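**Student:** Contents of coords_30.txt (compact mmCIF, C-alpha atoms) are below:
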```
# COMPACT_ATOMS: atom_id res chain seq x y z
CA MET A 734 -53.21 68.67 27.00
CA ALA A 735 -55.07 70.20 29.88
CA ASP A 736 -56.54 73.63 29.45
CA ASP A 737 -55.46 75.26 32.68
CA PRO A 738 -56.72 78.84 32.92
CA GLN A 739 -54.05 79.53 35.56
CA ARG A 740 -51.25 78.80 33.12
CA PRO A 741 -49.58 81.80 31.53
CA THR A 742 -49.69 81.60 27.73
CA GLY A 743 -48.56 85.08 26.75
CA ASN A 744 -45.32 83.89 25.15
CA ARG A 745 -46.94 81.12 23.16
CA THR A 746 -48.27 81.24 19.64
CA PRO A 747 -51.99 82.19 19.76
CA PRO A 748 -54.52 80.53 17.45
CA LEU A 749 -54.99 81.90 13.94
CA PRO A 750 -57.92 84.34 13.72
CA ASP A 751 -59.83 82.12 11.26
CA GLU A 752 -58.29 78.86 12.41
CA ALA A 753 -61.38 76.66 12.18
CA ALA A 754 -61.88 77.58 8.53
CA VAL A 755 -58.21 77.01 7.70
CA ILE A 756 -58.30 73.62 9.42
CA ALA A 757 -61.45 72.68 7.49
CA ARG A 758 -59.77 73.58 4.19
CA ALA A 759 -56.62 71.67 5.12
CA ALA A 760 -58.70 68.62 6.09
CA GLU A 761 -60.22 68.68 2.60
CA GLY A 762 -56.76 68.52 1.05
CA ASP A 763 -55.93 72.19 0.58
CA ARG A 764 -52.14 72.15 0.78
CA THR A 765 -51.89 75.93 1.06
CA ALA A 766 -54.14 75.92 4.10
CA PHE A 767 -52.10 73.14 5.69
CA ALA A 768 -48.88 75.07 5.02
CA GLN A 769 -50.42 78.13 6.64
CA LEU A 770 -51.18 76.14 9.80
CA MET A 771 -47.72 74.58 9.96
CA GLU A 772 -45.99 77.89 9.37
CA HIS A 773 -48.01 79.43 12.16
CA TYR A 774 -47.26 76.66 14.67
CA GLN A 775 -43.77 75.63 13.63
CA SER A 776 -42.14 77.60 16.48
CA ALA A 777 -44.41 75.91 18.99
CA CYS A 778 -43.62 72.45 17.61
CA TYR A 779 -39.92 73.12 17.28
CA GLY A 780 -39.75 74.53 20.83
CA LEU A 781 -41.28 71.37 22.26
CA ALA A 782 -39.04 69.10 20.17
CA TYR A 783 -35.94 71.08 21.09
CA ARG A 784 -36.71 70.95 24.81
CA LEU A 785 -37.30 67.20 24.68
CA LEU A 786 -34.29 66.36 22.53
CA SER A 787 -31.77 69.10 23.45
CA ASP A 788 -30.46 69.02 19.89
CA ALA A 789 -31.31 71.55 17.20
CA ASP A 790 -31.02 69.18 14.21
CA GLN A 791 -32.96 66.37 15.86
CA ALA A 792 -35.60 68.88 16.92
CA ALA A 793 -35.96 70.03 13.31
CA ASP A 794 -36.22 66.40 12.15
CA ALA A 795 -38.86 65.63 14.77
CA THR A 796 -40.84 68.72 13.79
CA GLN A 797 -40.64 67.69 10.16
CA ASP A 798 -41.86 64.18 11.02
CA ALA A 799 -44.69 65.72 13.02
CA PHE A 800 -45.79 67.77 9.98
CA VAL A 801 -45.95 64.60 7.87
CA HIS A 802 -47.97 62.78 10.54
CA ALA A 803 -50.26 65.79 10.92
CA TYR A 804 -50.78 65.96 7.15
CA ARG A 805 -51.93 62.36 7.13
CA ALA A 806 -54.13 62.74 10.19
CA ILE A 807 -55.68 66.17 9.79
CA ALA A 808 -58.76 64.74 8.09
CA SER A 809 -59.48 62.93 11.36
CA PHE A 810 -59.08 66.04 13.53
CA ARG A 811 -62.35 66.34 15.44
CA GLY A 812 -62.23 69.80 16.90
CA GLY A 813 -60.66 70.91 20.15
CA ILE A 814 -57.50 72.96 20.43
CA PHE A 815 -55.47 72.49 17.24
CA ARG A 816 -52.24 73.61 18.91
CA SER A 817 -52.58 70.91 21.57
CA TRP A 818 -53.35 68.28 18.92
CA LEU A 819 -50.30 69.27 16.89
CA LEU A 820 -48.06 69.43 19.95
CA ARG A 821 -49.12 65.95 20.96
CA ILE A 822 -48.07 64.66 17.53
CA THR A 823 -44.78 66.54 17.88
CA ALA A 824 -44.19 65.11 21.33
CA ASN A 825 -44.73 61.59 20.00
CA ALA A 826 -42.34 62.18 17.09
CA SER A 827 -39.74 63.62 19.46
CA TYR A 828 -40.18 60.82 21.95
CA ASP A 829 -39.64 58.23 19.19
CA ILE A 830 -36.31 59.87 18.39
CA LEU A 831 -35.44 60.10 22.09
CA ARG A 832 -36.09 56.39 22.62
CA ARG A 833 -33.94 55.42 19.62
CA GLN A 834 -31.24 57.74 20.89
CA GLN A 835 -31.36 56.23 24.39
CA ARG A 836 -31.13 52.71 22.97
CA ARG A 837 -28.13 53.57 20.81
CA PRO A 838 -26.31 56.34 22.66
CA THR A 839 -23.70 58.13 20.62
CA THR A 840 -20.29 59.21 21.85
CA THR A 841 -21.15 62.88 21.41
CA LEU A 842 -23.36 63.37 24.44
CA PRO A 843 -23.49 66.99 25.57
CA ASP A 844 -21.00 67.84 28.25
CA PRO A 845 -22.64 69.78 31.08
CA ASP A 846 -19.27 71.30 31.99
CA GLU A 847 -18.91 72.95 28.60
CA GLY A 848 -20.92 75.90 29.79
CA ALA A 849 -24.12 77.28 28.37
CA PRO A 850 -25.18 75.53 25.17
CA GLU A 851 -25.95 77.61 22.15
CA LEU A 852 -29.69 78.08 22.08
CA PRO A 853 -31.87 78.91 19.10
CA ASP A 854 -33.12 82.46 19.03
CA LEU A 855 -35.81 83.01 21.57
CA HIS A 856 -38.90 83.92 19.63
CA ALA A 857 -41.05 85.99 21.90
CA VAL A 858 -44.52 86.48 20.53
CA ASN A 859 -44.79 89.51 22.79
CA PRO A 860 -42.97 92.24 20.87
CA VAL A 861 -40.95 93.47 23.85
CA ALA A 862 -39.78 90.86 26.30
CA GLU A 863 -38.35 92.14 29.51
CA ALA A 864 -34.62 91.66 29.82
CA THR A 865 -34.99 89.90 33.15
CA LYS A 866 -37.48 87.45 31.73
CA SER A 867 -35.23 86.74 28.77
CA GLU A 868 -32.38 86.06 31.15
CA LEU A 869 -34.58 83.77 33.24
CA TYR A 870 -35.72 81.85 30.16
CA ARG A 871 -32.17 81.43 28.98
CA HIS A 872 -31.03 80.00 32.32
CA LEU A 873 -34.08 77.76 32.49
CA GLU A 874 -33.32 76.36 29.03
CA VAL A 875 -29.77 75.56 30.12
CA ALA A 876 -30.96 73.97 33.38
CA LEU A 877 -33.53 71.84 31.50
CA ARG A 878 -30.76 70.49 29.31
CA LEU A 879 -28.86 69.36 32.38
CA LEU A 880 -31.71 67.22 33.71
CA PRO A 881 -31.66 63.46 33.11
CA ALA A 882 -33.69 62.68 29.98
CA ASP A 883 -36.57 60.99 31.81
CA GLN A 884 -36.99 63.87 34.26
CA ARG A 885 -36.59 66.46 31.50
CA THR A 886 -39.27 64.77 29.38
CA ALA A 887 -41.72 64.66 32.26
CA VAL A 888 -41.08 68.26 33.37
CA VAL A 889 -41.26 69.64 29.82
CA LEU A 890 -44.50 67.84 28.98
CA CYS A 891 -46.16 68.65 32.31
CA ASP A 892 -44.82 72.01 33.46
CA VAL A 893 -43.83 73.65 30.17
CA TYR A 894 -46.64 72.33 27.93
CA GLY A 895 -49.35 71.71 30.51
CA MET A 896 -50.06 68.02 30.01
CA ASP A 897 -51.58 66.33 33.03
CA TYR A 898 -49.94 63.36 34.72
CA ASN A 899 -52.09 60.82 32.87
CA GLU A 900 -51.22 62.28 29.48
CA VAL A 901 -47.51 62.19 30.29
CA ALA A 902 -47.81 58.62 31.55
CA GLU A 903 -49.60 57.59 28.37
CA MET A 904 -47.13 59.34 26.11
CA THR A 905 -44.02 57.99 27.85
CA LYS A 906 -45.67 54.61 28.50
CA SER A 907 -44.75 54.85 32.15
CA ALA A 908 -46.65 54.24 35.37
CA LEU A 909 -48.45 57.21 36.87
CA GLY A 910 -46.41 57.06 40.06
CA THR A 911 -43.19 56.99 38.06
CA VAL A 912 -44.25 60.08 36.13
CA LYS A 913 -45.11 62.00 39.30
CA SER A 914 -41.82 61.05 40.87
CA ARG A 915 -39.88 62.13 37.75
CA ILE A 916 -41.67 65.47 37.66
CA HIS A 917 -41.10 66.22 41.33
CA ARG A 918 -37.46 65.09 41.28
CA GLY A 919 -36.93 67.10 38.09
CA ARG A 920 -38.41 70.24 39.63
CA VAL A 921 -36.32 69.90 42.76
CA ARG A 922 -33.20 69.40 40.64
CA LEU A 923 -34.11 72.42 38.49
CA ARG A 924 -34.48 74.53 41.62
CA GLU A 925 -30.97 73.48 42.68
CA LEU A 926 -29.60 74.31 39.23
CA MET A 927 -31.29 77.70 39.31
CA ALA A 928 -30.12 78.50 42.85
CA GLU A 929 -27.65 81.13 41.63
CA HIS A 930 -30.38 82.92 39.67
CA ARG A 931 -33.07 82.85 42.31
CA GLU A 932 -33.56 86.60 42.11
CA LEU A 933 -34.76 86.25 38.51
CA PHE A 934 -37.94 84.54 39.65
CA THR A 935 -39.04 87.68 41.42
CA GLY A 936 -37.52 90.08 38.91
CA MET B 1235 -47.78 67.72 62.54
CA LEU B 1236 -44.53 66.31 61.15
CA ASN B 1237 -41.49 66.35 63.42
CA GLN B 1238 -39.05 66.77 60.56
CA HIS B 1239 -39.11 68.38 57.14
CA PRO B 1240 -40.99 66.39 54.50
CA ASP B 1241 -38.91 65.44 51.51
CA ASP B 1242 -38.63 67.96 48.69
CA GLU B 1243 -40.63 65.84 46.24
CA ARG B 1244 -43.56 65.94 48.64
CA LEU B 1245 -43.25 69.71 48.78
CA SER B 1246 -43.15 69.81 44.98
CA ALA B 1247 -46.44 67.89 44.95
CA LEU B 1248 -47.87 70.51 47.29
CA ALA B 1249 -46.55 73.31 45.06
CA SER B 1250 -48.44 71.84 42.08
CA ARG B 1251 -51.50 71.31 44.29
CA ASP B 1252 -51.65 67.56 43.78
CA ASP B 1253 -54.73 66.10 45.45
CA ASP B 1254 -52.86 63.70 47.69
CA ALA B 1255 -50.54 66.47 48.94
CA THR B 1256 -53.23 69.07 49.56
CA ALA B 1257 -55.31 66.48 51.39
CA ASP B 1258 -52.41 65.70 53.71
CA ALA B 1259 -53.25 67.72 56.85
CA ALA B 1260 -49.94 66.93 58.56
CA LEU B 1261 -48.00 68.17 55.55
CA ALA B 1262 -50.01 71.40 55.29
CA SER B 1263 -49.69 72.01 59.01
CA HIS B 1264 -45.92 71.56 58.88
CA VAL B 1265 -45.48 73.86 55.90
CA ASP B 1266 -47.61 76.54 57.56
CA SER B 1267 -45.33 76.57 60.58
CA CYS B 1268 -41.97 76.04 58.84
CA ALA B 1269 -40.27 78.96 57.13
CA ARG B 1270 -37.83 76.73 55.25
CA CYS B 1271 -40.57 74.54 53.74
CA THR B 1272 -42.82 77.51 53.00
CA GLU B 1273 -40.00 79.16 51.06
CA LEU B 1274 -39.28 75.94 49.19
CA VAL B 1275 -42.92 75.47 48.19
CA ASP B 1276 -43.06 79.10 47.02
CA GLU B 1277 -39.88 78.71 44.96
CA LEU B 1278 -41.09 75.50 43.39
CA GLY B 1279 -44.38 77.22 42.55
CA ALA B 1280 -42.55 80.17 40.98
CA LEU B 1281 -40.33 77.77 39.04
CA ARG B 1282 -43.40 75.99 37.74
CA MET B 1283 -44.96 79.25 36.59
CA SER B 1284 -41.72 80.30 34.87
CA LEU B 1285 -41.54 76.98 33.03
CA ALA B 1286 -45.10 77.54 31.80
CA GLU B 1287 -44.03 80.93 30.42
CA LEU B 1288 -41.12 79.66 28.34
CA PRO B 1289 -41.60 81.05 24.84
CA ASP B 1290 -41.83 79.12 21.59
CA LEU B 1291 -38.56 78.74 19.69
CA ARG B 1292 -37.88 79.59 16.09
CA PRO B 1293 -36.41 76.66 14.07
CA HIS B 1294 -32.76 77.15 13.18
CA ARG B 1295 -33.39 75.99 9.62
CA ALA B 1296 -36.26 76.18 7.17
CA LEU B 1297 -38.73 73.33 7.45
CA GLN B 1298 -40.81 71.81 4.69
CA LEU B 1299 -44.31 72.74 5.69
CA VAL B 1300 -46.16 70.26 3.48
CA PRO B 1301 -45.01 66.76 2.47
CA PRO B 1302 -43.97 66.75 -1.22
CA VAL B 1303 -46.50 64.07 -2.22
CA ALA B 1304 -50.00 63.77 -0.84
CA ASP B 1305 -49.60 60.18 0.22
CA ALA B 1306 -45.89 60.33 0.94
CA PRO B 1307 -44.97 57.48 3.24
CA VAL B 1308 -43.35 58.32 6.53
CA ALA B 1309 -39.58 58.15 6.09
CA ASP B 1310 -38.92 55.61 8.77
CA GLY B 1311 -36.19 53.63 6.97
CA ALA B 1312 -35.28 50.09 7.93
CA ALA B 1313 -37.49 50.15 11.01
CA GLY B 1314 -40.54 50.64 8.81
CA TRP B 1315 -39.64 47.69 6.60
CA VAL B 1316 -39.03 45.48 9.61
CA ARG B 1317 -42.33 46.59 11.15
CA ARG B 1318 -44.22 45.84 7.93
CA LEU B 1319 -42.55 42.49 7.22
CA PHE B 1320 -42.42 41.23 10.79
CA ALA B 1321 -45.77 39.42 10.89
CA PRO B 1322 -45.49 37.73 7.43
CA ALA B 1323 -41.89 36.67 8.07
CA LEU B 1324 -42.72 35.31 11.52
CA THR B 1325 -45.68 33.39 10.11
CA ALA B 1326 -43.55 31.94 7.31
CA GLY B 1327 -40.89 30.92 9.82
CA ALA B 1328 -43.47 29.26 12.07
CA ALA B 1329 -44.99 27.41 9.10
CA LEU B 1330 -41.57 26.15 8.00
CA ALA B 1331 -40.76 25.08 11.53
CA VAL B 1332 -44.01 23.11 11.87
CA VAL B 1333 -43.57 21.43 8.48
CA GLY B 1334 -39.95 20.62 9.31
CA LEU B 1335 -40.92 19.26 12.72
CA VAL B 1336 -43.62 17.01 11.28
CA GLY B 1337 -41.34 15.88 8.45
CA THR B 1338 -38.61 15.02 10.93
CA ALA B 1339 -40.85 13.33 13.45
CA VAL B 1340 -42.94 11.08 11.18
CA PRO B 1341 -40.06 8.95 9.75
CA ALA B 1342 -38.60 8.65 13.22
CA LEU B 1343 -41.91 7.40 14.57
CA ASP B 1344 -42.21 5.02 11.61
CA GLY B 1345 -38.75 3.75 12.39
CA MET B 1346 -39.74 3.16 15.98
CA ALA B 1347 -42.81 1.28 14.89
CA ALA B 1348 -40.88 -0.87 12.40
CA GLY B 1349 -37.78 -1.48 14.52
CA GLY B 1350 -39.55 -1.77 17.85
CA SER B 1351 -37.16 0.67 19.39
CA ILE B 1352 -35.83 4.04 18.50
CA PHE B 1353 -32.37 2.90 19.57
CA SER B 1354 -32.02 0.68 16.53
CA ASN B 1355 -32.40 3.76 14.35
CA VAL B 1356 -30.03 5.72 16.52
CA GLY B 1357 -27.44 2.99 16.15
CA THR B 1358 -27.86 3.01 12.41
CA ASN B 1359 -27.52 6.77 12.31
CA LEU B 1360 -24.35 6.60 14.35
CA ASP B 1361 -22.92 4.26 11.69
CA GLY B 1362 -23.58 6.88 9.08
CA ALA B 1363 -26.59 5.35 7.42
CA ALA B 1364 -30.00 6.83 6.96
CA PRO B 1365 -32.75 5.70 9.34
CA GLY B 1366 -34.38 3.51 6.70
CA ALA B 1367 -31.15 1.89 5.56
CA GLU B 1368 -31.23 -0.95 8.07
CA ALA B 1369 -34.76 -1.83 7.12
CA ASP B 1370 -33.68 -1.77 3.44
CA ARG B 1371 -30.73 -3.96 4.20
CA ALA B 1372 -32.90 -6.43 6.11
CA SER B 1373 -35.30 -6.43 3.19
CA ARG B 1374 -32.48 -7.14 0.75
CA GLU B 1375 -31.15 -9.92 2.96
CA ASN B 1376 -34.58 -11.52 2.91
CA GLU B 1377 -34.78 -11.15 -0.85
CA GLU B 1378 -31.33 -12.60 -1.61
CA PRO B 1379 -32.13 -16.18 -0.60
CA ALA B 1380 -35.41 -16.02 -2.40
CA ALA B 1381 -33.68 -14.81 -5.56
CA SER B 1382 -31.06 -17.55 -5.31
CA GLN B 1383 -33.71 -20.15 -4.85
CA ALA B 1384 -35.63 -18.88 -7.85
CA GLY B 1385 -32.77 -17.96 -10.18
CA LEU B 1386 -30.30 -20.73 -9.29
CA ALA B 1387 -32.77 -23.55 -9.11
CA PRO B 1388 -31.96 -24.82 -12.67
CA ALA B 1389 -28.27 -24.97 -11.84
CA GLU B 1390 -28.97 -26.96 -8.73
CA GLY B 1391 -31.43 -29.04 -10.70
CA GLY B 1392 -28.67 -29.73 -13.26
CA GLY B 1393 -26.57 -31.34 -10.56
CA ASP B 1394 -23.65 -29.14 -11.45
CA GLY B 1395 -21.90 -28.85 -8.08
CA GLU B 1396 -19.24 -26.57 -9.49
CA GLY B 1397 -21.90 -24.30 -10.93
CA SER B 1398 -23.59 -24.27 -7.60
CA VAL B 1399 -20.41 -23.26 -5.83
CA THR B 1400 -19.84 -20.49 -8.38
CA ALA B 1401 -23.36 -19.26 -7.90
CA GLN B 1402 -22.93 -19.20 -4.15
CA GLU B 1403 -19.65 -17.33 -4.54
CA SER B 1404 -21.34 -14.92 -6.90
CA GLN B 1405 -24.16 -14.55 -4.39
CA SER B 1406 -21.65 -13.91 -1.64
CA ASP B 1407 -19.82 -11.37 -3.84
CA ASP B 1408 -23.09 -9.62 -4.53
CA PHE B 1409 -23.79 -9.42 -0.85
CA GLU B 1410 -20.37 -7.93 -0.22
CA GLN B 1411 -20.98 -5.39 -2.97
CA VAL B 1412 -24.22 -4.40 -1.35
CA GLU B 1413 -22.50 -4.00 2.00
CA THR B 1414 -19.69 -1.99 0.38
CA PHE B 1415 -22.28 0.13 -1.41
CA ASP B 1416 -23.97 0.89 1.89
CA ARG B 1417 -20.72 1.82 3.58
CA ASP B 1418 -19.10 3.89 0.84
CA LEU B 1419 -21.94 6.04 -0.45
CA PRO B 1420 -22.94 8.97 1.74
CA ALA B 1421 -26.23 8.41 3.50
CA GLU B 1422 -29.21 10.11 1.91
CA ARG B 1423 -30.07 12.97 4.29
CA SER B 1424 -33.61 13.91 5.07
CA PRO B 1425 -34.43 17.58 4.17
CA TRP B 1426 -36.86 18.02 7.05
CA PRO B 1427 -34.37 18.92 9.79
CA MET B 1428 -33.01 21.64 7.51
CA VAL B 1429 -36.54 22.94 6.92
CA LEU B 1430 -37.10 22.97 10.68
CA PHE B 1431 -33.80 24.77 11.25
CA THR B 1432 -34.59 27.35 8.54
CA GLY B 1433 -38.00 28.09 10.07
CA VAL B 1434 -36.61 28.55 13.56
CA ALA B 1435 -33.71 30.67 12.25
CA LEU B 1436 -36.16 32.88 10.31
CA MET B 1437 -38.30 33.47 13.41
CA ILE B 1438 -35.29 34.28 15.58
CA GLY B 1439 -33.85 36.52 12.85
CA VAL B 1440 -36.94 38.68 12.40
CA ALA B 1441 -37.45 38.90 16.16
CA LEU B 1442 -33.86 40.10 16.58
CA LEU B 1443 -34.19 42.63 13.74
CA ARG B 1444 -37.37 44.01 15.24
CA TRP B 1445 -35.77 44.22 18.67
CA ILE B 1446 -32.77 46.09 17.28
CA LEU B 1447 -34.41 48.41 14.75
CA VAL B 1448 -37.92 49.15 15.92
CA PRO B 1449 -38.35 51.48 18.88
CA ARG B 1450 -39.95 49.90 21.90
CA ALA B 1451 -42.35 51.29 24.39
CA GLY B 1452 -41.25 52.53 27.73
```
The structure in this file should be written as C-alpha cells.
**Tutor:**
Amino acid sequence: MADDPQRPTGNRTPPLPDEAAVIARAAEGDRTAFAQLMEHYQSACYGLAYRLLSDADQAADATQDAFVHAYRAIASFRGGIFRSWLLRITANASYDILRRQQRRPTTTLPDPDEGAPELPDLHAVNPVAEATKSELYRHLEVALRLLPADQRTAVVLCDVYGMDYNEVAEMTKSALGTVKSRIHRGRVRLRELMAEHRELFTG
Amino acid sequence: MLNQHPDDERLSALASRDDDATADAALASHVDSCARCTELVDELGALRMSLAELPDLRPHRALQLVPPVADAPVADGAAGWVRRLFAPALTAGAALAVVGLVGTAVPALDGMAAGGSIFSNVGTNLDGAAPGAEADRASRENEEPAASQAGLAPAEGGGDGEGSVTAQESQSDDFEQVETFDRDLPAERSPWPMVLFTGVALMIGVALLRWILVPRAG
C-alpha cells in the first residue's frame, strides 16, 4: 500500500510502540507476541474485511483466515509497514470469499431499500470523535454498501486503504484501465448517494 | 478548451490528481472556467478525503488471535483437497487415456494389416464378434481340412465308404458347432476402450470439480 503523506490516518490504528521487537519475537515463533500484534490490528483487518464483504460474519471469517495466513508467513516478513502487510493479507482473504460469493450468489442478498444496515460499532482511535464526523462516517458506510461489488472493492482498496491503482489491479486480477474506471465510477456513484448529506463534508 | 462538460469519471481522475488528467490542458482549462465542474471536482476530492478518514471497526465477535496448532493447515475444505489432488488426478487420467488409446488402436491396426481393410473388421464387429474372430474362424476353416486329411486318412484308406460319409457328416457337424459357438457366445470385449473412457472421464471430472470448487482469478 502506498504511503501517502497527504492521507489522513488519525482514525486508524497506529503502530505499536515497540512493534519491530514484537514482530521479531513473533517471527521466531513467540505465540504471545503474535497474539499481541493481531489483537492490536484486529480492528484494522476487520474494518477492511467488513467494507469489502458488507457482512459481519464473513468479515470475521476473513479476518480469522488472514490471521492464520499471517501466522504462517510472518517469518518471511522483511520489514516495511506491518499494518500494510497485514491488510494486504486480509484483503486477499476477503477477496477470496467475495469471489466465491459472486460465483455462487445466495438468495439473501442485502436489500438496498431496507434502509440503513446495522453497522458494527465505530471504533474511533481518537477518544472524542466529532458528532458530525461520526454521522458522515455512518452515511459513507451505508453508501459503500450500496455500490456494486466491483466498484466497492476498488474504492475501498484505493480510497479507504490507500492502495495505488497497480496494487488494486494486481489484487483483483483486473486490467489497470478497468480498475481506474471502477474507482472513478464508484466515486461518482458515492457522490450521488451522499447528495443529501453534502453539508457533512464541510461540517 | 472543451465546449461541453467532461464526463464525471474524468473529473474524478482530476480530483485524485491522476497524471493523465492533470496533464490534460483542455480539461484543466475547462474546469478553471466552469463553476459546475469546479464544484464537482471539489466534492469528489472531499469525498476521497472522507473515505481515507473512515475509522477502523471493532469485530462484532471475539476472534482467535493465534491458530491453535503451530502448523495448522488453512481450513479451506473441499477446495483445498481439489487443489492438492488436481495435478496427480489429471496426470493419472491422462496416463490411462494414453494407455487406453494405444491398447485400442494397436489391435485395430493389426486387423487392418491382416484383413487388408478396416472394413472387414467393422463388418465383423457389426455381427457381434470380436475383431479377431474372423481371423480365428478363417484359421479354423483352414485347419479343418488338414485335420480331416490327417485324422480320417485311415478310414479312407480302409475303403469304408460308409465310414467316410460318417466322418464327413461328423466334420460338417463339427463345423456347425463351431459356427453356433461363435454366434451364441458373447464376443470377448477388449478392455482398452474402457480404460480410455475411464482416463478421459477422470480428466473431465477433476477439471469440473476444480472449476466448481476452487476460486478463480478475476
**Student:** Provide as a ChimeraX atom specification the residues of chain B at most 8 Å from chain A, counting only C-alpha atoms.
**Tutor:** /B:1242-1244,1246-1247,1277-1278,1280-1295,1297-1301,1305,1308,1449-1452
**Student:** Please, what distance in Å, to one decimal, runs between CA of Ala806 in chain A and CA of Ile822 in chain A?
**Tutor:**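 Between CA of Ala806 in chain A and CA of Ile822 in chain A the gap is 9.7 Å.
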**Student:** Between CA of Asp1258 in chain B and CA of Leu890 in chain A, what is the distance in Å, rounded to a tenth?
**Tutor:**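 Taking CA of Asp1258 in chain B and CA of Leu890 in chain A, their separation equals 26.1 Å.
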**Student:** Extract, using only C-alpha atoms, all DNA, RNA and protein residues at most 8 Å from range 1422-1438 of chain B, discarding same-chain residues fewer than 5 positions from it, and format them as a list in words.
**Tutor:**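 Listing them by chain and then by number gives Ala1323, Leu1324, Ala1326, Gly1327, Ala1328, Ala1329, Leu1330, Ala1331, Val1332, Val1333, Gly1334, Leu1335, Gly1337, Thr1338, Ala1363 and Ala1364 of chain B.
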**Student:** In Å, rounded to a single decimal, give me how far CA of Leu1261 in chain B is from CA of Glu929 in chain A.
**Tutor:**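 Distance reported for this atom pair: 27.9 Å.
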